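Next comes query22.txt, with compact mmCIF, C-alpha atoms.
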```txt
# COMPACT_ATOMS: atom_id res chain seq x y z
CA MET A 1 -26.39 75.53 6.14
CA SER A 2 -29.85 74.38 7.16
CA ASN A 3 -32.82 76.76 6.94
CA ARG A 4 -36.50 76.61 7.76
CA ILE A 5 -38.43 77.20 4.53
CA LEU A 6 -42.16 77.60 4.03
CA LEU A 7 -43.08 76.72 0.45
CA LEU A 8 -46.39 77.96 -0.96
CA SER A 9 -47.69 76.69 -4.27
CA LEU A 10 -50.81 76.45 -6.38
CA LEU A 11 -49.43 73.37 -8.13
CA HIS A 12 -48.36 70.81 -5.54
CA PRO A 13 -49.49 67.20 -6.23
CA LEU A 14 -52.85 66.14 -4.81
CA PRO A 15 -54.10 62.78 -3.49
CA ASP A 16 -56.34 62.35 -6.57
CA ASN A 17 -53.79 63.79 -8.98
CA PRO A 18 -50.21 62.80 -8.10
CA ALA A 19 -48.90 64.05 -11.47
CA ARG A 20 -50.04 67.62 -10.86
CA GLY A 21 -47.13 69.98 -10.26
CA ALA A 22 -44.53 67.22 -10.07
CA PHE A 23 -41.81 69.84 -10.58
CA VAL A 24 -42.88 71.58 -7.35
CA ALA A 25 -42.65 68.30 -5.44
CA ASP A 26 -39.22 67.81 -7.02
CA ARG A 27 -38.06 71.16 -5.63
CA VAL A 28 -39.37 70.31 -2.15
CA ARG A 29 -37.58 66.97 -2.30
CA LEU A 30 -34.35 68.65 -3.40
CA LEU A 31 -34.50 71.23 -0.60
CA ARG A 32 -35.00 68.49 1.99
CA SER A 33 -32.09 66.50 0.56
CA MET A 34 -29.97 69.64 1.05
CA GLY A 35 -30.82 69.54 4.77
CA HIS A 36 -33.47 72.26 4.88
CA ASP A 37 -36.59 71.95 7.03
CA VAL A 38 -39.45 72.48 4.56
CA LYS A 39 -43.17 72.79 5.21
CA VAL A 40 -45.65 73.01 2.32
CA VAL A 41 -48.91 74.92 1.96
CA ASN A 42 -51.08 74.18 -1.06
CA THR A 43 -53.12 77.23 -2.14
CA LEU A 44 -56.19 76.09 -4.10
CA PRO A 45 -59.25 77.86 -5.53
CA ARG A 46 -62.72 77.06 -4.25
CA MET A 47 -64.53 75.16 -6.98
CA LEU A 48 -67.12 72.47 -7.72
CA ARG A 49 -66.12 69.10 -9.09
CA MET A 50 -67.85 69.83 -12.41
CA HIS A 51 -65.51 72.80 -12.90
CA GLU A 52 -62.50 70.48 -12.90
CA GLN A 53 -63.46 69.50 -16.45
CA ARG A 54 -62.38 72.91 -17.75
CA ARG A 55 -58.70 71.98 -17.37
CA SER A 56 -57.07 68.62 -16.75
CA THR A 57 -54.59 70.25 -14.34
CA MET A 58 -57.51 70.99 -12.01
CA GLN A 59 -58.30 67.31 -11.47
CA GLY A 60 -58.57 66.62 -7.76
CA VAL A 61 -58.74 70.29 -6.72
CA ALA A 62 -62.44 70.47 -5.78
CA LYS A 63 -62.33 67.75 -3.12
CA ALA A 64 -58.72 68.09 -1.97
CA PRO A 65 -58.57 67.52 1.82
CA ARG A 66 -57.74 70.33 4.24
CA ALA A 67 -54.53 68.49 5.08
CA PHE A 68 -52.94 65.36 3.66
CA SER A 69 -49.70 63.43 3.77
CA PHE A 70 -47.32 63.44 0.83
CA GLU A 71 -44.15 61.33 1.00
CA GLY A 72 -44.39 61.23 4.77
CA HIS A 73 -44.88 64.97 5.28
CA GLU A 74 -48.12 66.83 5.99
CA VAL A 75 -49.34 69.35 3.42
CA LEU A 76 -51.84 72.05 4.41
CA THR A 77 -54.52 73.12 1.94
CA VAL A 78 -55.88 76.67 2.08
CA ARG A 79 -58.61 77.99 -0.19
CA HIS A 80 -59.19 81.28 -1.98
CA THR A 81 -62.04 82.64 -4.07
CA ALA A 82 -61.29 83.12 -7.75
CA PHE A 83 -63.39 83.58 -10.87
CA PRO A 84 -62.64 82.52 -14.47
CA ASP A 85 -60.36 85.07 -16.20
CA ASN A 86 -59.88 86.88 -12.85
CA PRO A 87 -62.31 89.80 -13.33
CA LEU A 88 -61.89 90.82 -9.66
CA PRO A 89 -58.19 90.44 -8.79
CA ARG A 90 -58.52 92.52 -5.60
CA TRP A 91 -61.24 90.17 -4.36
CA THR A 92 -59.04 87.14 -5.02
CA ALA A 93 -56.04 88.78 -3.34
CA ALA A 94 -58.06 89.65 -0.23
CA SER A 95 -59.47 86.13 -0.11
CA ILE A 96 -56.09 84.41 -0.04
CA LYS A 97 -54.48 86.87 2.37
CA ARG A 98 -57.13 86.02 4.95
CA GLN A 99 -55.60 82.54 5.19
CA ALA A 100 -52.48 83.86 6.98
CA ARG A 101 -53.86 83.21 10.48
CA ARG A 102 -54.82 79.65 9.62
CA ILE A 103 -51.29 78.98 8.42
CA GLU A 104 -49.85 80.43 11.63
CA LYS A 105 -52.08 78.16 13.68
CA TRP A 106 -51.04 75.11 11.63
CA LEU A 107 -47.34 75.91 12.03
CA GLY A 108 -47.62 76.32 15.80
CA GLU A 109 -44.31 77.51 17.25
CA TRP A 110 -42.43 76.67 14.05
CA ARG A 111 -41.50 79.79 12.09
CA PRO A 112 -39.71 79.87 8.74
CA GLU A 113 -36.60 81.87 7.93
CA LEU A 114 -37.59 82.10 4.26
CA ILE A 115 -40.79 81.88 2.21
CA SER A 116 -40.74 80.43 -1.30
CA SER A 117 -43.75 81.05 -3.56
CA HIS A 118 -43.92 78.73 -6.56
CA THR A 119 -46.24 80.52 -9.00
CA ILE A 120 -47.14 84.17 -8.47
CA TRP A 121 -50.88 84.59 -8.86
CA PRO A 122 -52.41 84.58 -6.34
CA THR A 123 -50.06 82.60 -4.07
CA ALA A 124 -47.48 85.37 -3.81
CA GLU A 125 -50.11 87.66 -2.27
CA LEU A 126 -50.10 85.33 0.73
CA ALA A 127 -46.31 85.03 0.68
CA ARG A 128 -45.90 88.80 0.83
CA VAL A 129 -48.32 89.15 3.76
CA LEU A 130 -46.58 86.42 5.76
CA SER A 131 -43.19 87.88 4.94
CA GLU A 132 -44.21 91.29 6.28
CA ARG A 133 -45.79 89.73 9.38
CA TRP A 134 -42.75 87.64 10.26
CA LYS A 135 -40.16 90.11 8.87
CA ILE A 136 -38.41 87.49 6.75
CA PRO A 137 -37.45 87.45 3.03
CA TRP A 138 -39.56 85.79 0.38
CA VAL A 139 -38.71 84.40 -3.04
CA ALA A 140 -41.01 84.29 -6.08
CA THR A 141 -40.57 81.52 -8.67
CA VAL A 142 -42.13 81.77 -12.13
CA HIS A 143 -42.70 78.56 -14.08
CA GLY A 144 -44.27 80.18 -17.13
CA HIS A 145 -48.02 80.78 -16.83
CA ASP A 146 -47.72 83.94 -14.75
CA PHE A 147 -45.68 85.64 -17.47
CA ASP A 148 -47.11 83.94 -20.56
CA VAL A 149 -50.76 84.46 -19.65
CA GLY A 150 -51.02 86.37 -16.37
CA LEU A 151 -49.20 89.60 -17.32
CA ALA A 152 -51.61 90.19 -20.20
CA ALA A 153 -54.72 89.46 -18.08
CA ASN A 154 -56.70 91.46 -15.50
CA GLN A 155 -54.27 90.53 -12.74
CA GLY A 156 -51.21 91.57 -14.78
CA LYS A 157 -50.41 94.70 -12.76
CA ARG A 158 -50.60 92.79 -9.50
CA ILE A 159 -48.31 90.05 -10.84
CA ARG A 160 -45.73 92.64 -11.91
CA ASN A 161 -45.95 94.38 -8.54
CA LEU A 162 -45.55 91.12 -6.64
CA CYS A 163 -42.49 90.15 -8.67
CA GLN A 164 -40.88 93.54 -8.04
CA SER A 165 -41.60 93.40 -4.31
CA ALA A 166 -40.06 89.94 -3.80
CA ASP A 167 -36.61 89.75 -2.25
CA ALA A 168 -35.59 87.50 -5.15
CA LEU A 169 -37.28 86.55 -8.41
CA MET A 170 -36.44 83.17 -9.93
CA VAL A 171 -37.44 81.98 -13.40
CA VAL A 172 -36.92 78.42 -14.57
CA SER A 173 -35.64 79.08 -18.10
CA GLU A 174 -33.76 81.64 -20.18
CA ARG A 175 -36.94 82.32 -22.14
CA LEU A 176 -38.55 83.88 -19.07
CA ASP A 177 -35.45 85.82 -18.01
CA GLY A 178 -35.68 89.58 -18.44
CA VAL A 179 -39.47 89.77 -18.71
CA ILE A 180 -39.26 91.60 -15.39
CA ASP A 181 -35.95 93.18 -14.37
CA GLY A 182 -33.90 91.48 -11.68
CA SER A 183 -34.86 87.89 -12.37
CA ARG A 184 -32.42 85.02 -11.96
CA VAL A 185 -32.51 81.73 -13.86
CA ILE A 186 -32.51 78.61 -11.69
CA PRO A 187 -33.98 75.71 -13.70
CA CYS A 188 -36.09 72.84 -12.47
CA HIS A 189 -33.67 70.00 -11.94
CA LEU A 190 -33.87 66.56 -13.51
CA GLU A 191 -35.48 64.29 -10.92
CA MET A 192 -34.84 60.72 -11.99
CA PRO A 193 -33.42 57.66 -10.20
CA ASP A 194 -30.47 55.89 -11.77
CA SER A 195 -32.66 52.83 -12.31
CA ALA A 196 -34.89 54.82 -14.68
CA ARG A 197 -32.05 56.22 -16.78
CA LYS A 198 -31.12 54.52 -20.01
CA LYS A 199 -28.28 55.05 -22.46
CA MET A 200 -29.35 56.56 -25.78
CA GLU A 201 -29.17 53.95 -28.54
CA LYS A 202 -29.41 54.23 -32.30
CA TRP A 203 -32.77 53.19 -33.78
CA HIS A 204 -32.71 49.87 -35.68
CA GLY A 205 -36.31 49.50 -36.87
CA ARG A 206 -37.67 48.95 -40.39
CA TRP A 207 -37.42 52.17 -42.37
CA ARG A 208 -40.85 53.43 -43.48
CA ARG A 209 -42.37 49.98 -43.11
CA GLY A 210 -42.20 49.16 -39.42
CA GLU A 211 -44.27 50.35 -36.50
CA LEU A 212 -43.23 53.69 -35.05
CA GLU A 213 -44.36 54.41 -31.49
CA ILE A 214 -44.45 58.15 -30.79
CA LEU A 215 -44.90 59.55 -27.30
CA PHE A 216 -46.78 62.83 -26.88
CA PRO A 217 -45.24 63.72 -23.47
CA ALA A 218 -48.21 65.63 -22.06
CA ASN A 219 -51.92 65.34 -21.36
CA SER A 220 -53.66 65.62 -24.73
CA ARG A 221 -56.59 67.44 -23.07
CA ARG A 222 -54.46 70.50 -22.39
CA PRO A 223 -55.03 72.87 -25.35
CA GLU A 224 -51.66 74.62 -25.00
CA LYS A 225 -49.92 71.29 -25.69
CA ASN A 226 -51.30 71.35 -29.27
CA HIS A 227 -52.13 67.66 -29.58
CA ILE A 228 -53.73 68.20 -32.99
CA LEU A 229 -50.34 69.09 -34.50
CA ALA A 230 -48.87 65.85 -33.14
CA LEU A 231 -51.73 63.86 -34.67
CA ASN A 232 -51.26 65.59 -38.03
CA THR A 233 -47.53 64.81 -37.88
CA GLY A 234 -48.41 61.16 -37.34
CA ARG A 235 -50.70 61.24 -40.39
CA GLU A 236 -47.91 62.78 -42.46
CA LEU A 237 -45.57 59.97 -41.39
CA GLU A 238 -48.23 57.41 -42.33
CA THR A 239 -48.39 58.83 -45.86
CA ARG A 240 -44.67 58.07 -46.08
CA GLY A 241 -45.18 54.42 -45.19
CA TRP A 242 -44.81 54.35 -41.40
CA ARG A 243 -47.28 52.52 -39.18
CA VAL A 244 -47.69 55.12 -36.44
CA LYS A 245 -48.98 54.79 -32.90
CA ILE A 246 -49.24 57.96 -30.78
CA GLY A 247 -49.84 57.83 -27.04
CA ASP A 248 -50.04 60.68 -24.57
CA LEU A 249 -49.28 61.04 -20.86
CA PRO A 250 -52.45 61.68 -18.86
CA ASN A 251 -52.23 62.37 -15.14
CA VAL A 252 -50.14 59.35 -14.17
CA PRO A 253 -47.40 58.81 -11.55
CA ARG A 254 -43.79 59.59 -12.46
CA ASP A 255 -42.65 55.95 -12.57
CA VAL A 256 -45.33 55.20 -15.17
CA VAL A 257 -44.10 58.18 -17.21
CA HIS A 258 -40.57 56.79 -17.23
CA ASP A 259 -41.77 53.31 -18.20
CA ARG A 260 -43.63 54.78 -21.18
CA MET A 261 -40.58 56.79 -22.22
CA ARG A 262 -38.36 53.72 -22.23
CA ALA A 263 -40.88 51.80 -24.35
CA CYS A 264 -41.37 54.35 -27.17
CA ASP A 265 -39.25 55.21 -30.22
CA ILE A 266 -39.38 59.01 -30.15
CA ALA A 267 -41.01 61.87 -28.20
CA LEU A 268 -42.81 64.67 -30.03
CA VAL A 269 -43.27 68.09 -28.39
CA THR A 270 -45.70 70.43 -30.19
CA SER A 271 -46.64 72.87 -27.41
CA LEU A 272 -47.71 76.44 -28.06
CA ARG A 273 -45.90 77.57 -24.89
CA GLU A 274 -43.49 75.96 -22.44
CA SER A 275 -40.88 77.09 -19.97
CA GLY A 276 -38.74 73.95 -20.12
CA PRO A 277 -40.25 71.54 -20.81
CA VAL A 278 -39.08 69.15 -18.09
CA ALA A 279 -40.60 66.15 -19.92
CA ALA A 280 -38.08 66.56 -22.75
CA ARG A 281 -35.16 66.27 -20.32
CA GLU A 282 -36.71 63.19 -18.74
CA ALA A 283 -37.21 61.62 -22.16
CA ILE A 284 -33.55 62.11 -23.15
CA ALA A 285 -32.42 60.71 -19.78
CA CYS A 286 -34.63 57.66 -20.42
CA GLY A 287 -32.91 57.08 -23.76
CA LEU A 288 -35.82 58.48 -25.81
CA PRO A 289 -34.93 60.93 -28.64
CA VAL A 290 -36.94 64.16 -28.81
CA VAL A 291 -38.28 66.17 -31.75
CA SER A 292 -39.87 69.51 -30.94
CA VAL A 293 -41.10 72.81 -32.24
CA ASP A 294 -39.02 75.79 -31.12
CA VAL A 295 -40.57 76.26 -27.70
CA GLY A 296 -39.23 76.91 -24.21
CA ASP A 297 -35.50 76.43 -23.76
CA LEU A 298 -35.17 73.33 -25.96
CA ALA A 299 -33.26 75.12 -28.72
CA THR A 300 -30.56 76.05 -26.18
CA TRP A 301 -29.53 72.45 -25.51
CA LEU A 302 -31.01 70.07 -28.08
CA PRO A 303 -29.16 69.65 -31.42
CA LYS A 304 -30.53 71.78 -34.25
CA ARG A 305 -31.86 68.76 -36.10
CA CYS A 306 -34.25 68.07 -33.19
CA ILE A 307 -36.00 71.45 -33.60
CA ALA A 308 -38.46 71.96 -36.46
CA LYS A 309 -41.05 74.42 -37.70
CA ASP A 310 -44.58 73.91 -36.41
CA THR A 311 -45.89 72.09 -39.49
CA PRO A 312 -46.59 68.35 -39.89
CA GLU A 313 -44.18 68.12 -42.82
CA ALA A 314 -41.26 69.77 -41.00
CA LEU A 315 -41.80 67.71 -37.84
CA ALA A 316 -42.07 64.50 -39.86
CA ASP A 317 -38.79 65.37 -41.60
CA ALA A 318 -37.15 65.92 -38.21
CA VAL A 319 -38.46 62.60 -36.88
CA GLU A 320 -36.93 60.75 -39.82
CA THR A 321 -33.67 62.67 -39.48
CA ILE A 322 -33.36 61.70 -35.83
CA LEU A 323 -34.21 58.04 -36.50
CA GLU A 324 -31.51 57.61 -39.14
CA GLY A 325 -28.84 59.80 -37.49
CA GLU A 326 -26.36 59.44 -34.67
CA VAL A 327 -27.36 59.80 -31.03
CA ASN A 328 -24.08 60.64 -29.29
CA ASP A 329 -25.04 64.31 -28.90
CA LEU A 330 -28.42 63.58 -27.33
CA PHE A 331 -27.87 64.08 -23.62
CA VAL A 332 -29.11 66.29 -20.78
CA PRO A 333 -26.70 69.17 -19.95
CA GLU A 334 -25.13 69.15 -16.52
CA ARG A 335 -26.80 72.45 -15.60
CA PHE A 336 -30.09 70.57 -15.14
CA GLU A 337 -28.67 68.04 -12.69
CA ALA A 338 -29.60 68.22 -9.01
CA GLY A 339 -26.09 69.01 -7.79
CA VAL A 340 -25.75 72.13 -9.96
CA VAL A 341 -29.24 73.42 -9.15
CA SER A 342 -28.77 72.85 -5.41
CA LYS A 343 -25.57 74.91 -5.48
CA GLN A 344 -27.42 77.78 -7.16
CA LEU A 345 -30.13 77.61 -4.52
CA GLU A 346 -27.59 77.63 -1.70
CA ASP A 347 -25.91 80.70 -3.20
CA LEU A 348 -29.28 82.46 -3.29
CA PHE A 349 -30.12 81.51 0.30
CA THR A 350 -26.72 82.67 1.49
CA ARG A 351 -27.33 86.08 -0.05
CA LEU A 352 -30.82 86.39 1.44
CA LEU A 353 -29.99 84.89 4.85
CA PRO A 354 -26.51 86.07 5.83
CA ARG A 355 -25.18 84.50 9.01
```
Using structure tokens, write down the structure from this file.
Amino acid sequence: MSNRILLLSLLHPLPDNPARGAFVADRVRLLRSMGHDVKVVNTLPRMLRMHEQRRSTMQGVAKAPRAFSFEGHEVLTVRHTAFPDNPLPRWTAASIKRQARRIEKWLGEWRPELISSHTIWPTAELARVLSERWKIPWVATVHGHDFDVGLAANQGKRIRNLCQSADALMVVSERLDGVIDGSRVIPCHLEMPDSARKKMEKWHGRWRRGELEILFPANSRRPEKNHILALNTGRELETRGWRVKIGDLPNVPRDVVHDRMRACDIALVTSLRESGPVAAREAIACGLPVVSVDVGDLATWLPKRCIAKDTPEALADAVETILEGEVNDLFVPERFEAGVVSKQLEDLFTRLLPR
């Protein structure tokens, strides 16, 4: 069943930052592969280029064009006014809701049957207004930040109200399920071509004498990724005799990410908060073992030996355990594959859009 879907997101990739919000682009790609007609609106804050330095995820936001092409499809950019820490949430909400007419003009005669808001604040404010105007259902999708940070901030009441007013609330991991009643878990799927996948192989390097290449699968500039703990784990491994190299993943295209994963010996996740993380699934699919603190949903599918306490000593122990152990149980569960996720999405659409 084909539907017309308008997807709104604060995190869609940008011309100057193709790695930003790759999981949103993955969802758009999946919906189109399912036969749906999808149009994308990128909701961005007004900001100066110097303000991009506050967070690496904001790279490319200040000068993002009003419209641009992404994978052969036009993406519309609309702006809203926001302030650091959201001291005036009503102001921000009013600012983004005023963009409804511009979106209508851009769409022309095309009208969606469903609106999907990836991230809640403040994008869902616009989704709710358009839903009421066109009298169609809308779906809210939480990837983590809205619940982990937003609910405790000034805009927390508005986020809770938006989630409760949506026709369906999706969260991408079990960790986020139940924060607000009525949510449904539909994970981000694993987006990876067969050519990038690699069978997991047992490590055959020199024990505590050879070079150990560790991948920190995130941008080290993002404070919530806790890069300092990864560095301290590398130092602990060096005291045990390893020659350690640690590299991170700055804002680079997905194919470069996969190349780095296939070239390293092990991935180390030390984040303070995560919903997935998707990078861990990609690493396993690329044949790269993963060691992580207990964050996101990793403990629900990775073997216990891959999960360690958030100390350099415990993580170093886990790294060595993985290197000398078997790898047959290191694989991505089927529930993260595109076919399973697409079926869950179709079930949701069928419930919201009965024929």
Note to self: List the spatial neighbours of stretch 319-322 of chain A as a ChimeraX atom specification - criterion: any atom at most 12 Å away, only C-alpha atoms, same-chain residues fewer than 4 positions off excluded.
What the structure shows: /A:200-208,212-215,230,233-234,236-237,240-242,244,265-269,288-293,302-308,312-315,326-330
Margin query: Report as a ChimeraX atom specification all protein, DNA and RNA residues lying within 7 Å of A:Ala218, evaluated on all atoms listed in the file, omitting residues in the same chain fewer than 6 positions from it.
Written below: /A:225,248-250
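Within a radius of 12 Å around (-28.0, 71.4, -7.0), the polymer residues are Asp26, Arg27, Arg29, Leu30, Leu31, Arg32, Ser33, Met34, Ile186, Pro187, Cys188, His189, Leu190, Glu191, Glu334, Arg335, Phe336, Glu337, Ala338, Gly339, Val340, Val341, Ser342, Lys343, Gln344, Leu345, Glu346, Asp347 and Leu348 of chain A, counting all atoms listed in the file.
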Just-selected residues, C-alpha atoms written as a compact mmCIF listing (two decimals), in the coordinates of the input:
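Result file follows (result.txt):
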```
# COMPACT_ATOMS: atom_id res chain seq x y z
CA ASP A 26 -39.22 67.81 -7.02
CA ARG A 27 -38.06 71.16 -5.63
CA ARG A 29 -37.58 66.97 -2.30
CA LEU A 30 -34.35 68.65 -3.40
CA LEU A 31 -34.50 71.23 -0.60
CA ARG A 32 -35.00 68.49 1.99
CA SER A 33 -32.09 66.50 0.56
CA MET A 34 -29.97 69.64 1.05
CA ILE A 186 -32.51 78.61 -11.69
CA PRO A 187 -33.98 75.71 -13.70
CA CYS A 188 -36.09 72.84 -12.47
CA HIS A 189 -33.67 70.00 -11.94
CA LEU A 190 -33.87 66.56 -13.51
CA GLU A 191 -35.48 64.29 -10.92
CA GLU A 334 -25.13 69.15 -16.52
CA ARG A 335 -26.80 72.45 -15.60
CA PHE A 336 -30.09 70.57 -15.14
CA GLU A 337 -28.67 68.04 -12.69
CA ALA A 338 -29.60 68.22 -9.01
CA GLY A 339 -26.09 69.01 -7.79
CA VAL A 340 -25.75 72.13 -9.96
CA VAL A 341 -29.24 73.42 -9.15
CA SER A 342 -28.77 72.85 -5.41
CA LYS A 343 -25.57 74.91 -5.48
CA GLN A 344 -27.42 77.78 -7.16
CA LEU A 345 -30.13 77.61 -4.52
CA GLU A 346 -27.59 77.63 -1.70
CA ASP A 347 -25.91 80.70 -3.20
CA LEU A 348 -29.28 82.46 -3.29
```
I'd like a table as JSON lines: residues in stretch 133-248 of chain A with an atom no more than 10 Å from stretch 113-124 of chain A, each row giving the shortest atom pair and its distance in Å to one decimal, all atoms listed in the file counted, sorted by chain and rising residue number.
```
{"residue": "A:Trp134", "atom": "CA", "partner": "A:Glu113", "partner_atom": "CA", "distance": 8.7}
{"residue": "A:Lys135", "atom": "CA", "partner": "A:Glu113", "partner_atom": "CA", "distance": 9.0}
{"residue": "A:Ile136", "atom": "CA", "partner": "A:Leu114", "partner_atom": "CA", "distance": 6.0}
{"residue": "A:Pro137", "atom": "CA", "partner": "A:Leu114", "partner_atom": "CA", "distance": 5.5}
{"residue": "A:Trp138", "atom": "CA", "partner": "A:Ile115", "partner_atom": "CA", "distance": 4.5}
{"residue": "A:Val139", "atom": "CA", "partner": "A:Ser116", "partner_atom": "CA", "distance": 4.8}
{"residue": "A:Ala140", "atom": "CA", "partner": "A:Ser117", "partner_atom": "CA", "distance": 4.9}
{"residue": "A:Thr141", "atom": "CA", "partner": "A:His118", "partner_atom": "CA", "distance": 4.8}
{"residue": "A:Val142", "atom": "CA", "partner": "A:Thr119", "partner_atom": "CA", "distance": 5.3}
{"residue": "A:His143", "atom": "CA", "partner": "A:Thr119", "partner_atom": "CA", "distance": 6.5}
{"residue": "A:Gly144", "atom": "CA", "partner": "A:Thr119", "partner_atom": "CA", "distance": 8.4}
{"residue": "A:His145", "atom": "CA", "partner": "A:Thr119", "partner_atom": "CA", "distance": 8.0}
{"residue": "A:Asp146", "atom": "CA", "partner": "A:Ile120", "partner_atom": "CA", "distance": 6.3}
{"residue": "A:Phe147", "atom": "CA", "partner": "A:Ile120", "partner_atom": "CA", "distance": 9.2}
{"residue": "A:Gly150", "atom": "CA", "partner": "A:Trp121", "partner_atom": "CA", "distance": 7.7}
{"residue": "A:Leu151", "atom": "CA", "partner": "A:Trp121", "partner_atom": "CA", "distance": 10.0}
{"residue": "A:Gln155", "atom": "CA", "partner": "A:Trp121", "partner_atom": "CA", "distance": 7.9}
{"residue": "A:Gly156", "atom": "CA", "partner": "A:Trp121", "partner_atom": "CA", "distance": 9.2}
{"residue": "A:Arg158", "atom": "CA", "partner": "A:Trp121", "partner_atom": "CA", "distance": 8.2}
{"residue": "A:Ile159", "atom": "CA", "partner": "A:Trp121", "partner_atom": "CA", "distance": 6.4}
{"residue": "A:Arg160", "atom": "CA", "partner": "A:Ile120", "partner_atom": "CA", "distance": 9.3}
{"residue": "A:Leu162", "atom": "CA", "partner": "A:Ala124", "partner_atom": "CA", "distance": 6.7}
{"residue": "A:Cys163", "atom": "CA", "partner": "A:Ile120", "partner_atom": "CA", "distance": 7.6}
{"residue": "A:Ser165", "atom": "CA", "partner": "A:Ala124", "partner_atom": "CA", "distance": 10.0}
{"residue": "A:Ala166", "atom": "CA", "partner": "A:Ala124", "partner_atom": "CA", "distance": 8.7}
{"residue": "A:Asp167", "atom": "CA", "partner": "A:Ile115", "partner_atom": "CA", "distance": 10.0}
{"residue": "A:Ala168", "atom": "CA", "partner": "A:Ser116", "partner_atom": "CA", "distance": 9.6}
{"residue": "A:Leu169", "atom": "CA", "partner": "A:Ser117", "partner_atom": "CA", "distance": 9.8}
{"residue": "A:Met170", "atom": "CA", "partner": "A:His118", "partner_atom": "CA", "distance": 9.3}
{"residue": "A:Val171", "atom": "CA", "partner": "A:Thr119", "partner_atom": "CA", "distance": 9.9}
```
Next item on the list: Rank nothing, just name the residue among A:Gly296, A:Pro18, A:Gly325, A:Pro45 nearest to A:Glu174, using only C-alpha atoms.
Entry: A:Gly296
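When all atoms listed in the file are used to measure the gap to A:Val332, the shortest distance among A:Ser220, A:Leu352, A:Asn86, A:Lys198 belongs to A:Lys198.
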Report, as lines of an AutoDock Vina configuration file, the centre and edge lengths in Å (one decimal) of the axis-aligned box enclosing every listed atom of stretch 79-85 of chain A, padded by 5 Å on each side.
```
center_x = -61.0
center_y = 81.5
center_z = -8.2
size_x = 14.8
size_y = 17.1
size_z = 26.0
```
Margin query: Using all atoms listed in the file, can you tell me which of A:Asn226, A:Ser195, A:Ser69, A:Asn219 comes closest to A:Asp259?
Written below: A:Ser195
Notebook entry, point to check: Could you name the residues that touch stretch 90-102 of chain A at 12 Å or less, counting only C-alpha atoms, but leaving out those on the same chain fewer than 6 positions away, as a PyMOL selection string?
Noted result: chain A and resi 8+10+41-46+66+76-84+108+120-134+154-159+162
Notebook entry, point to check: Between A:Arg243, A:Arg351, A:Arg262, A:Arg235, which one has atoms that come closest to A:Ala316, using only C-alpha atoms?
Noted result: A:Arg235
Notebook entry, point to check: Near A:Leu107, counting all atoms listed in the file, which residues have an atom at most 12 Å away, once you skip same-chain residues fewer than 2 positions from it, shown as JSON, numbers by chain?
Noted result: {"A": [4, 5, 6, 38, 39, 40, 41, 74, 75, 76, 100, 101, 102, 103, 104, 105, 109, 110, 111, 112]}
Note to self: So that I can check the surroundings of A:Gly35, please list as number ranges by chain every protein, DNA and RNA residue that reaches within 8 Å of it, counting only C-alpha atoms and ignoring chain neighbours fewer than 4 positions away.
What the structure shows: A: 1-3, 31
